[in-house]
Amino acid sequence: MTRREVPGQVPERSWVEVRWRQFRNAPRPIVRAVASSLVIAVVLGGALLVYDVALSRGATLPGGDLRAPAVAAYVVVVVAVGTIVTYLVVPQPTGSGERRTRTAWSAALGFFAAIPIAYLVLVVVSQVLKPLLV
């Protein structure tokens, strides 16, 4: 008998099955951190797309072409807001107590969730959506 055929023993899951299960059952703090960063990134990404398309079509805006500073400001704001919102909405586990605490770890979770989200939304905006609109 192979290992999978032994009665009463749980069959081993493949790597893909394990990752899919982890994706479906993500911890609530992680979902909140990603969702808060994603919402602000999509909103600001839309504003950045409107600005970029307007300049590409020849609009004359005050200050001239400020796309590079706008992208830098986008990343800074998404990371900062994602960090702050996650700090506010993701309390530490309470254990047996009733008191909810927030520490720098909540903010760190938001910070490290916001960085890749900011850049992924920026890639979708600049490489997928912008060519469709210009």
# chains A, B, ... in the order shown; residues from 1 in each chain; ligands from 1
$ residues_around --residues "A:Leu122" --least-positions-apart "5" --cutoff "10 Å" --atoms "only C-alpha atoms" --output "VMD selection string"
chain A and resid 41 to 42 44 to 46 48 to 49 71 74 to 75 116 to 117 127 to 128
$ write_last_selection --atoms "C-alpha atoms" --output "PDB file, in the first residue's frame"
ATOM      1  CA  ALA A  41      -4.631  52.678  -4.971  1.00  0.00           C
ATOM      2  CA  VAL A  42      -7.514  52.213  -7.422  1.00  0.00           C
ATOM      3  CA  LEU A  44      -5.697  57.459  -6.975  1.00  0.00           C
ATOM      4  CA  GLY A  45      -4.727  55.315  -9.969  1.00  0.00           C
ATOM      5  CA  GLY A  46      -7.887  56.451 -11.722  1.00  0.00           C
ATOM      6  CA  LEU A  48      -3.484  59.510 -12.290  1.00  0.00           C
ATOM      7  CA  LEU A  49      -4.867  57.874 -15.441  1.00  0.00           C
ATOM      8  CA  VAL A  71       3.583  59.082  -9.824  1.00  0.00           C
ATOM      9  CA  TYR A  74       0.762  58.498  -5.820  1.00  0.00           C
ATOM     10  CA  VAL A  75       3.112  55.883  -4.355  1.00  0.00           C
ATOM     11  CA  PRO A 116       3.256  45.914  -3.930  1.00  0.00           C
ATOM     12  CA  ILE A 117      -0.356  46.992  -4.349  1.00  0.00           C
ATOM     13  CA  GLN A 127       0.462  49.398 -19.261  1.00  0.00           C
ATOM     14  CA  VAL A 128      -3.088  48.088 -19.665  1.00  0.00           C
TER      15      VAL A 128
END
$ atom_distance --atom1 "atom CA of A:Leu133" --atom2 "atom CA of A:Val121"
16.4 Å
$ select_by_dssp --residues "chain A" --states "helix (DSSP H, G or I)" --output "PyMOL selection string"
chain A and resi 3-5+15-24+28-56+67-89+104-133
$ residues_around --residues "stretch 80-91 of chain A" --least-positions-apart "2" --cutoff "8 Å" --atoms "only C-alpha atoms" --output "JSON list (two decimals) with C-alpha atoms, in the first residue's frame"
[["chain", "number", "residue", "atom", "x", "y", "z"],
["A", 29, "PRO", "CA", -6.25, 41.22, 9.15],
["A", 32, "ARG", "CA", -8.37, 44.23, 5.58],
["A", 33, "ALA", "CA", -4.82, 45.43, 4.96],
["A", 36, "SER", "CA", -7.66, 49.25, 2.38],
["A", 37, "SER", "CA", -4.54, 49.66, 0.25],
["A", 40, "ILE", "CA", -6.96, 53.93, -2.21],
["A", 76, "VAL", "CA", 3.79, 57.91, -1.20],
["A", 77, "VAL", "CA", 0.09, 58.58, -0.57],
["A", 78, "VAL", "CA", -0.98, 54.96, -1.21],
["A", 93, "PRO", "CA", -5.38, 39.56, 18.49],
["A", 100, "ARG", "CA", -8.07, 45.66, 21.76],
["A", 101, "THR", "CA", -4.56, 46.95, 21.19],
["A", 102, "ARG", "CA", -2.85, 48.47, 18.21],
["A", 103, "THR", "CA", 0.90, 48.46, 17.85],
["A", 104, "ALA", "CA", 3.48, 49.23, 15.25],
["A", 106, "SER", "CA", -0.45, 46.67, 12.60],
["A", 107, "ALA", "CA", 1.12, 49.61, 10.77],
["A", 108, "ALA", "CA", 3.93, 47.40, 9.46],
["A", 109, "LEU", "CA", 1.35, 44.99, 8.05],
["A", 110, "GLY", "CA", -0.30, 47.88, 6.20],
["A", 111, "PHE", "CA", 3.04, 49.23, 4.98],
["A", 113, "ALA", "CA", 0.78, 45.26, 1.99],
["A", 114, "ALA", "CA", 0.60, 48.72, 0.40]]
